[in-house]
$ cat input-v4.txt   # compact mmCIF, C-alpha atoms
# COMPACT_ATOMS: atom_id res chain seq x y z
CA MET O 1 75.24 79.32 80.63
CA LEU O 2 73.29 79.08 83.89
CA ARG O 3 70.68 81.89 83.92
CA ASP O 4 68.03 80.53 86.34
CA PHE O 5 69.21 79.31 89.73
CA ALA O 6 69.25 79.99 93.44
CA ALA O 7 72.50 80.75 95.24
CA ILE O 8 72.41 79.52 98.83
CA ASP O 9 74.65 79.88 101.86
CA PHE O 10 74.44 78.42 105.35
CA GLU O 11 76.29 79.38 108.49
CA THR O 12 76.56 76.77 111.24
CA ALA O 13 76.70 77.06 115.01
CA ASN O 14 79.10 74.18 115.55
CA GLY O 15 80.78 71.32 113.71
CA GLU O 16 77.51 69.50 113.03
CA ARG O 17 76.03 69.99 109.56
CA THR O 18 72.56 70.09 111.15
CA SER O 19 73.48 73.15 113.21
CA VAL O 20 72.50 75.72 110.59
CA CYS O 21 72.00 79.05 112.36
CA SER O 22 71.40 81.28 109.35
CA VAL O 23 70.58 80.92 105.68
CA GLY O 24 70.77 83.31 102.78
CA ALA O 25 69.37 82.66 99.33
CA VAL O 26 69.38 84.73 96.16
CA VAL O 27 67.09 83.77 93.29
CA VAL O 28 68.27 84.51 89.77
CA ARG O 29 65.94 84.33 86.77
CA ASP O 30 66.99 85.13 83.24
CA GLY O 31 70.35 86.32 84.57
CA GLN O 32 68.87 88.88 87.00
CA ILE O 33 68.57 88.76 90.78
CA VAL O 34 64.82 88.75 91.45
CA ASP O 35 64.53 87.69 95.09
CA ARG O 36 66.59 87.62 98.28
CA PHE O 37 65.86 85.65 101.46
CA TYR O 38 67.58 85.66 104.84
CA SER O 39 66.70 84.13 108.17
CA LEU O 40 68.32 83.30 111.45
CA ILE O 41 67.63 79.72 112.58
CA ARG O 42 67.70 78.11 116.02
CA PRO O 43 70.35 75.44 115.43
CA GLU O 44 70.21 71.71 116.15
CA PRO O 45 72.12 70.91 118.27
CA ASN O 46 71.65 74.27 119.93
CA TYR O 47 75.12 75.33 121.02
CA TYR O 48 77.79 77.53 119.50
CA ALA O 49 81.41 76.52 119.09
CA TRP O 50 83.91 79.31 119.55
CA PHE O 51 85.42 78.82 116.08
CA CYS O 52 82.02 79.27 114.42
CA ARG O 53 81.21 82.35 116.50
CA ARG O 54 84.57 83.78 115.48
CA VAL O 55 83.78 83.28 111.79
CA HIS O 56 80.26 84.69 111.55
CA GLY O 57 79.74 86.51 114.84
CA LEU O 58 76.43 84.82 115.70
CA SER O 59 75.72 83.41 119.14
CA GLU O 60 72.92 81.92 121.24
CA ARG O 61 71.73 85.46 121.92
CA ASP O 62 71.05 85.99 118.21
CA THR O 63 69.08 82.79 117.61
CA CYS O 64 67.40 82.00 120.94
CA GLU O 65 64.04 83.19 119.58
CA ALA O 66 64.68 82.33 115.92
CA PRO O 67 62.47 79.77 114.18
CA LEU O 68 63.52 76.16 113.81
CA PHE O 69 64.58 75.01 110.36
CA PRO O 70 61.21 73.46 109.36
CA GLU O 71 59.52 76.85 109.68
CA VAL O 72 62.28 78.58 107.72
CA TRP O 73 62.11 75.84 105.08
CA ARG O 74 58.37 76.50 104.61
CA TRP O 75 59.29 80.09 103.65
CA LEU O 76 62.38 79.24 101.61
CA ALA O 77 61.41 76.09 99.69
CA PRO O 78 58.75 77.73 97.47
CA ARG O 79 61.20 80.46 96.46
CA ILE O 80 63.84 78.02 95.20
CA GLU O 81 61.58 75.19 94.04
CA GLY O 82 62.79 73.54 90.85
CA LEU O 83 65.85 75.77 90.52
CA PRO O 84 69.37 74.38 90.42
CA LEU O 85 71.28 75.45 93.53
CA VAL O 86 74.65 77.17 93.54
CA ALA O 87 77.05 77.52 96.45
CA HIS O 88 80.69 78.37 97.00
CA ASN O 89 82.12 75.08 98.27
CA ALA O 90 78.84 73.35 97.46
CA ARG O 91 79.79 70.19 99.36
CA PHE O 92 79.42 72.11 102.60
CA ASP O 93 76.12 73.83 101.83
CA GLU O 94 74.58 70.79 100.14
CA GLY O 95 75.69 68.69 103.11
CA CYS O 96 74.07 71.15 105.52
CA LEU O 97 70.82 71.21 103.58
CA ARG O 98 70.62 67.43 103.32
CA ALA O 99 71.57 66.91 106.97
CA VAL O 100 69.14 69.44 108.42
CA CYS O 101 66.30 68.19 106.20
CA ALA O 102 67.00 64.61 107.32
CA CYS O 103 67.21 65.74 110.96
CA TYR O 104 63.67 67.10 110.79
CA GLY O 105 62.24 64.47 108.42
CA LEU O 106 61.82 66.97 105.59
CA GLU O 107 62.13 66.25 101.91
CA GLY O 108 64.98 68.30 100.53
CA PRO O 109 65.20 69.50 96.96
CA ASP O 110 66.15 67.01 94.27
CA VAL O 111 68.06 69.42 92.06
CA PRO O 112 71.67 69.73 90.97
CA PHE O 113 74.13 71.71 93.08
CA HIS O 114 76.73 73.75 91.21
CA ASP O 115 79.96 74.79 92.87
CA THR O 116 81.43 78.25 92.25
CA LEU O 117 84.60 77.24 94.10
CA GLN O 118 85.32 74.52 91.53
CA ALA O 119 84.28 76.88 88.71
CA SER O 120 86.70 79.48 90.05
CA ARG O 121 89.56 77.01 90.14
CA ARG O 122 88.84 76.06 86.52
CA ALA O 123 88.40 79.65 85.31
CA PHE O 124 91.11 81.48 87.25
CA GLY O 125 93.58 78.74 88.13
CA ARG O 126 96.71 80.25 89.66
CA ARG O 127 95.86 83.81 88.58
CA LEU O 128 94.22 84.34 91.99
CA PRO O 129 96.11 84.11 95.30
CA ASN O 130 93.32 81.82 96.61
CA HIS O 131 89.78 80.85 95.71
CA GLN O 132 88.04 82.05 98.85
CA LEU O 133 84.64 83.62 98.30
CA HIS O 134 85.72 87.21 98.85
CA THR O 135 88.71 86.83 96.53
CA VAL O 136 86.68 85.28 93.71
CA ALA O 137 83.87 87.80 94.20
CA ALA O 138 86.37 90.66 93.81
CA ALA O 139 87.74 89.06 90.64
CA CYS O 140 84.16 89.05 89.31
CA GLY O 141 83.63 92.71 90.23
CA TYR O 142 81.66 92.24 93.47
CA ASP O 143 82.75 93.90 96.72
CA LEU O 144 81.88 91.42 99.49
CA THR O 145 81.91 93.69 102.53
CA GLN O 146 79.93 91.44 104.92
CA HIS O 147 81.72 88.13 104.39
CA HIS O 148 80.16 85.29 106.42
CA HIS O 149 76.74 86.95 106.55
CA ALA O 150 74.69 84.27 104.79
CA LEU O 151 72.79 86.68 102.53
CA ALA O 152 75.89 88.64 101.52
CA ASP O 153 77.71 85.38 100.77
CA ALA O 154 74.75 84.06 98.73
CA GLU O 155 74.66 87.28 96.72
CA ALA O 156 78.40 87.12 96.06
CA CYS O 157 77.97 83.51 94.98
CA ALA O 158 75.16 84.51 92.59
CA VAL O 159 77.38 87.15 90.99
CA ILE O 160 80.22 84.65 90.62
CA ALA O 161 77.86 82.08 89.11
CA LEU O 162 76.62 84.61 86.56
CA HIS O 163 80.24 85.22 85.54
CA LEU O 164 81.54 81.65 85.58
CA LEU O 165 78.72 79.14 85.13

$ encode --input "input-v4.txt" --output "structure tokens"
Amino acid sequence: MLRDFAAIDFETANGERTSVCSVGAVVVRDGQIVDRFYSLIRPEPNYYAWFCRRVHGLSERDTCEAPLFPEVWRWLAPRIEGLPLVAHNARFDEGCLRAVCACYGLEGPDVPFHDTLQASRRAFGRRLPNHQLHTVAAACGYDLTQHHHALADAEACAVIALHLL
């Protein structure tokens, strides 16, 4: 059972994995949430595609004065150092983290990524109508009211991981 980890979620401004515009992270130690982190990020490249704005509601106005990823990473990296990472659809979030670290010449974490989406498919199979984050969170007893806010999504992911991993 996974009891120490960090759940992480990125939102992007456009179709580029480097265009992270917000990050949420929830640190779990001994099965308890002990820390939460959220930050807006000025994306790279710095433009917003309509389909991304429609999903998370962020725009240039929200991030025009936000820090660049290297500054956010200086705050976030010590919080999650050495912890396995968990994400819902981990390929996306791991891809974002690796791409944005590479973009800025930063060393990303060398830790395993666990995927609550895959865990949900194994655990619930066809008993759920879909395996979207809000659906799985509800099945695990968590009411995700701010879906696509990076911190809310990271917290939902942490709750799912505590149930399924």

$ closest_residue --input "input-v4.txt" --among "O:His163, O:Arg121, O:Arg126, O:His114" --to "Phe92 in chain O" --atoms "only C-alpha atoms"
O:His114

$ atom_distance --input "input-v4.txt" --atom1 "CA of Pro109 in chain O" --atom2 "CA of Thr135 in chain O"
29.2 Å

$ atom_distance --input "input-v4.txt" --atom1 "CA of Gly141 in chain O" --atom2 "CA of Leu162 in chain O"
11.3 Å

$ residues_around --input "input-v4.txt" --residues "Leu58 in chain O" --least-positions-apart "4" --cutoff "9 Å" --atoms "all atoms listed in the file" --output "ChimeraX atom specification"
/O:13,21-22,48,52-54,62-63

$ residues_around --input "input-v4.txt" --residues "Tyr104 in chain O" --least-positions-apart "5" --cutoff "9 Å" --atoms "all atoms listed in the file" --output "ChimeraX atom specification"
/O:69-70,99

$ atom_distance --input "input-v4.txt" --atom1 "CA of Ala137 in chain O" --atom2 "CA of Arg36 in chain O"
17.8 Å

$ closest_residue --input "input-v4.txt" --among "O:Glu44, O:Glu65, O:Asp115, O:Glu155" --to "His134 in chain O" --atoms "all atoms listed in the file"
O:Glu155

$ residues_around --input "input-v4.txt" --residues "Phe37 in chain O" --least-positions-apart "5" --cutoff "8 Å" --atoms "all atoms listed in the file" --output "MDAnalysis selection string"
chainID O and resid 23:26 76 151

$ closest_residue --input "input-v4.txt" --among "O:Val100, O:Ala87, O:Val28, O:Ala138" --to "Pro45 in chain O" --atoms "all atoms listed in the file"
O:Val100

$ closest_residue --input "input-v4.txt" --among "O:Ala90, O:Ala7, O:Leu164, O:Leu40" --to "Glu60 in chain O" --atoms "all atoms listed in the file"
O:Leu40

$ closest_residue --input "input-v4.txt" --among "O:Leu144, O:Val55, O:Leu85, O:Ala156" --to "Val111 in chain O" --atoms "all atoms listed in the file"
O:Leu85

$ residues_around --input "input-v4.txt" --residues "Val27 in chain O" --least-positions-apart "2" --cutoff "7 Å" --atoms "only C-alpha atoms" --output "compact mmCIF listing (two decimals) with C-alpha atoms, in the coordinates of the input"
# COMPACT_ATOMS: atom_id res chain seq x y z
CA PHE O 5 69.21 79.31 89.73
CA ALA O 6 69.25 79.99 93.44
CA ALA O 7 72.50 80.75 95.24
CA ALA O 25 69.37 82.66 99.33
CA ARG O 29 65.94 84.33 86.77
CA ILE O 33 68.57 88.76 90.78
CA VAL O 34 64.82 88.75 91.45
CA ASP O 35 64.53 87.69 95.09
CA ARG O 36 66.59 87.62 98.28
CA ILE O 80 63.84 78.02 95.20

$ closest_residue --input "input-v4.txt" --among "O:His56, O:Arg122, O:Phe113, O:Trp73" --to "Ala152 in chain O" --atoms "only C-alpha atoms"
O:His56

$ build_atoms --input "input-v4.txt" --residues "range 115-150 of chain O" --atoms "N, CA and C atoms" --output "PDB file, in the frame of the given file"
ATOM      1  N   ASP O 115      78.956  74.304  91.934  1.00  0.00           N
ATOM      2  CA  ASP O 115      79.960  74.790  92.870  1.00  0.00           C
ATOM      3  C   ASP O 115      80.796  75.909  92.247  1.00  0.00           C
ATOM      4  N   THR O 116      80.639  77.134  92.777  1.00  0.00           N
ATOM      5  CA  THR O 116      81.430  78.250  92.250  1.00  0.00           C
ATOM      6  C   THR O 116      82.895  78.160  92.666  1.00  0.00           C
ATOM      7  N   LEU O 117      83.196  77.436  93.728  1.00  0.00           N
ATOM      8  CA  LEU O 117      84.600  77.240  94.100  1.00  0.00           C
ATOM      9  C   LEU O 117      85.318  76.444  93.012  1.00  0.00           C
ATOM     10  N   GLN O 118      84.719  75.339  92.593  1.00  0.00           N
ATOM     11  CA  GLN O 118      85.320  74.520  91.530  1.00  0.00           C
ATOM     12  C   GLN O 118      85.372  75.310  90.218  1.00  0.00           C
ATOM     13  N   ALA O 119      84.299  76.069  89.932  1.00  0.00           N
ATOM     14  CA  ALA O 119      84.280  76.880  88.710  1.00  0.00           C
ATOM     15  C   ALA O 119      85.393  77.924  88.744  1.00  0.00           C
ATOM     16  N   SER O 120      85.632  78.492  89.913  1.00  0.00           N
ATOM     17  CA  SER O 120      86.700  79.480  90.050  1.00  0.00           C
ATOM     18  C   SER O 120      88.063  78.849  89.803  1.00  0.00           C
ATOM     19  N   ARG O 121      88.271  77.680  90.344  1.00  0.00           N
ATOM     20  CA  ARG O 121      89.560  77.010  90.140  1.00  0.00           C
ATOM     21  C   ARG O 121      89.793  76.714  88.665  1.00  0.00           C
ATOM     22  N   ARG O 122      88.714  76.322  87.955  1.00  0.00           N
ATOM     23  CA  ARG O 122      88.840  76.060  86.520  1.00  0.00           C
ATOM     24  C   ARG O 122      89.083  77.362  85.746  1.00  0.00           C
ATOM     25  N   ALA O 123      88.345  78.401  86.079  1.00  0.00           N
ATOM     26  CA  ALA O 123      88.400  79.650  85.310  1.00  0.00           C
ATOM     27  C   ALA O 123      89.651  80.472  85.597  1.00  0.00           C
ATOM     28  N   PHE O 124      90.023  80.583  86.871  1.00  0.00           N
ATOM     29  CA  PHE O 124      91.110  81.480  87.250  1.00  0.00           C
ATOM     30  C   PHE O 124      92.428  80.755  87.507  1.00  0.00           C
ATOM     31  N   GLY O 125      92.362  79.495  87.855  1.00  0.00           N
ATOM     32  CA  GLY O 125      93.580  78.740  88.130  1.00  0.00           C
ATOM     33  C   GLY O 125      94.473  79.456  89.122  1.00  0.00           C
ATOM     34  N   ARG O 126      95.733  79.625  88.771  1.00  0.00           N
ATOM     35  CA  ARG O 126      96.710  80.250  89.660  1.00  0.00           C
ATOM     36  C   ARG O 126      96.773  81.776  89.533  1.00  0.00           C
ATOM     37  N   ARG O 127      95.873  82.345  88.738  1.00  0.00           N
ATOM     38  CA  ARG O 127      95.860  83.810  88.580  1.00  0.00           C
ATOM     39  C   ARG O 127      95.352  84.503  89.833  1.00  0.00           C
ATOM     40  N   LEU O 128      94.673  83.769  90.719  1.00  0.00           N
ATOM     41  CA  LEU O 128      94.220  84.340  91.990  1.00  0.00           C
ATOM     42  C   LEU O 128      95.096  83.803  93.116  1.00  0.00           C
ATOM     43  N   PRO O 129      95.286  84.586  94.188  1.00  0.00           N
ATOM     44  CA  PRO O 129      96.110  84.110  95.300  1.00  0.00           C
ATOM     45  C   PRO O 129      95.436  82.961  96.059  1.00  0.00           C
ATOM     46  N   ASN O 130      94.104  82.906  96.010  1.00  0.00           N
ATOM     47  CA  ASN O 130      93.320  81.820  96.610  1.00  0.00           C
ATOM     48  C   ASN O 130      91.947  81.857  95.947  1.00  0.00           C
ATOM     49  N   HIS O 131      91.118  80.926  96.308  1.00  0.00           N
ATOM     50  CA  HIS O 131      89.780  80.850  95.710  1.00  0.00           C
ATOM     51  C   HIS O 131      88.705  81.001  96.776  1.00  0.00           C
ATOM     52  N   GLN O 132      89.037  81.751  97.824  1.00  0.00           N
ATOM     53  CA  GLN O 132      88.040  82.050  98.850  1.00  0.00           C
ATOM     54  C   GLN O 132      86.964  82.947  98.254  1.00  0.00           C
ATOM     55  N   LEU O 133      85.790  82.916  98.851  1.00  0.00           N
ATOM     56  CA  LEU O 133      84.640  83.620  98.300  1.00  0.00           C
ATOM     57  C   LEU O 133      84.914  85.094  98.051  1.00  0.00           C
ATOM     58  N   HIS O 134      85.496  85.768  99.024  1.00  0.00           N
ATOM     59  CA  HIS O 134      85.720  87.210  98.850  1.00  0.00           C
ATOM     60  C   HIS O 134      86.736  87.506  97.735  1.00  0.00           C
ATOM     61  N   THR O 135      87.711  86.643  97.573  1.00  0.00           N
ATOM     62  CA  THR O 135      88.710  86.830  96.530  1.00  0.00           C
ATOM     63  C   THR O 135      88.094  86.631  95.144  1.00  0.00           C
ATOM     64  N   VAL O 136      87.312  85.569  94.996  1.00  0.00           N
ATOM     65  CA  VAL O 136      86.680  85.280  93.710  1.00  0.00           C
ATOM     66  C   VAL O 136      85.628  86.344  93.394  1.00  0.00           C
ATOM     67  N   ALA O 137      84.876  86.752  94.412  1.00  0.00           N
ATOM     68  CA  ALA O 137      83.870  87.800  94.200  1.00  0.00           C
ATOM     69  C   ALA O 137      84.535  89.070  93.674  1.00  0.00           C
ATOM     70  N   ALA O 138      85.652  89.461  94.269  1.00  0.00           N
ATOM     71  CA  ALA O 138      86.370  90.660  93.810  1.00  0.00           C
ATOM     72  C   ALA O 138      86.832  90.484  92.365  1.00  0.00           C
ATOM     73  N   ALA O 139      87.302  89.308  92.011  1.00  0.00           N
ATOM     74  CA  ALA O 139      87.740  89.060  90.640  1.00  0.00           C
ATOM     75  C   ALA O 139      86.584  89.150  89.648  1.00  0.00           C
ATOM     76  N   CYS O 140      85.360  88.947  90.153  1.00  0.00           N
ATOM     77  CA  CYS O 140      84.160  89.050  89.310  1.00  0.00           C
ATOM     78  C   CYS O 140      83.487  90.411  89.448  1.00  0.00           C
ATOM     79  N   GLY O 141      84.144  91.348  90.143  1.00  0.00           N
ATOM     80  CA  GLY O 141      83.630  92.710  90.230  1.00  0.00           C
ATOM     81  C   GLY O 141      82.650  92.961  91.357  1.00  0.00           C
ATOM     82  N   TYR O 142      82.599  92.075  92.350  1.00  0.00           N
ATOM     83  CA  TYR O 142      81.660  92.240  93.470  1.00  0.00           C
ATOM     84  C   TYR O 142      82.446  92.505  94.744  1.00  0.00           C
ATOM     85  N   ASP O 143      82.089  93.543  95.459  1.00  0.00           N
ATOM     86  CA  ASP O 143      82.750  93.900  96.720  1.00  0.00           C
ATOM     87  C   ASP O 143      81.996  93.250  97.878  1.00  0.00           C
ATOM     88  N   LEU O 144      82.513  92.158  98.391  1.00  0.00           N
ATOM     89  CA  LEU O 144      81.880  91.420  99.490  1.00  0.00           C
ATOM     90  C   LEU O 144      82.316  92.039 100.817  1.00  0.00           C
ATOM     91  N   THR O 145      81.525  92.968 101.322  1.00  0.00           N
ATOM     92  CA  THR O 145      81.910  93.690 102.530  1.00  0.00           C
ATOM     93  C   THR O 145      81.431  93.001 103.805  1.00  0.00           C
ATOM     94  N   GLN O 146      80.449  92.117 103.724  1.00  0.00           N
ATOM     95  CA  GLN O 146      79.930  91.440 104.920  1.00  0.00           C
ATOM     96  C   GLN O 146      80.166  89.936 104.826  1.00  0.00           C
ATOM     97  N   HIS O 147      81.395  89.551 104.541  1.00  0.00           N
ATOM     98  CA  HIS O 147      81.720  88.130 104.390  1.00  0.00           C
ATOM     99  C   HIS O 147      81.290  87.358 105.641  1.00  0.00           C
ATOM    100  N   HIS O 148      80.693  86.200 105.412  1.00  0.00           N
ATOM    101  CA  HIS O 148      80.160  85.290 106.420  1.00  0.00           C
ATOM    102  C   HIS O 148      78.807  85.734 106.971  1.00  0.00           C
ATOM    103  N   HIS O 149      78.179  86.719 106.356  1.00  0.00           N
ATOM    104  CA  HIS O 149      76.740  86.950 106.550  1.00  0.00           C
ATOM    105  C   HIS O 149      76.102  86.145 105.433  1.00  0.00           C
ATOM    106  N   ALA O 150      75.189  85.237 105.771  1.00  0.00           N
ATOM    107  CA  ALA O 150      74.690  84.270 104.790  1.00  0.00           C
ATOM    108  C   ALA O 150      74.093  84.936 103.550  1.00  0.00           C
TER     109      ALA O 150
END
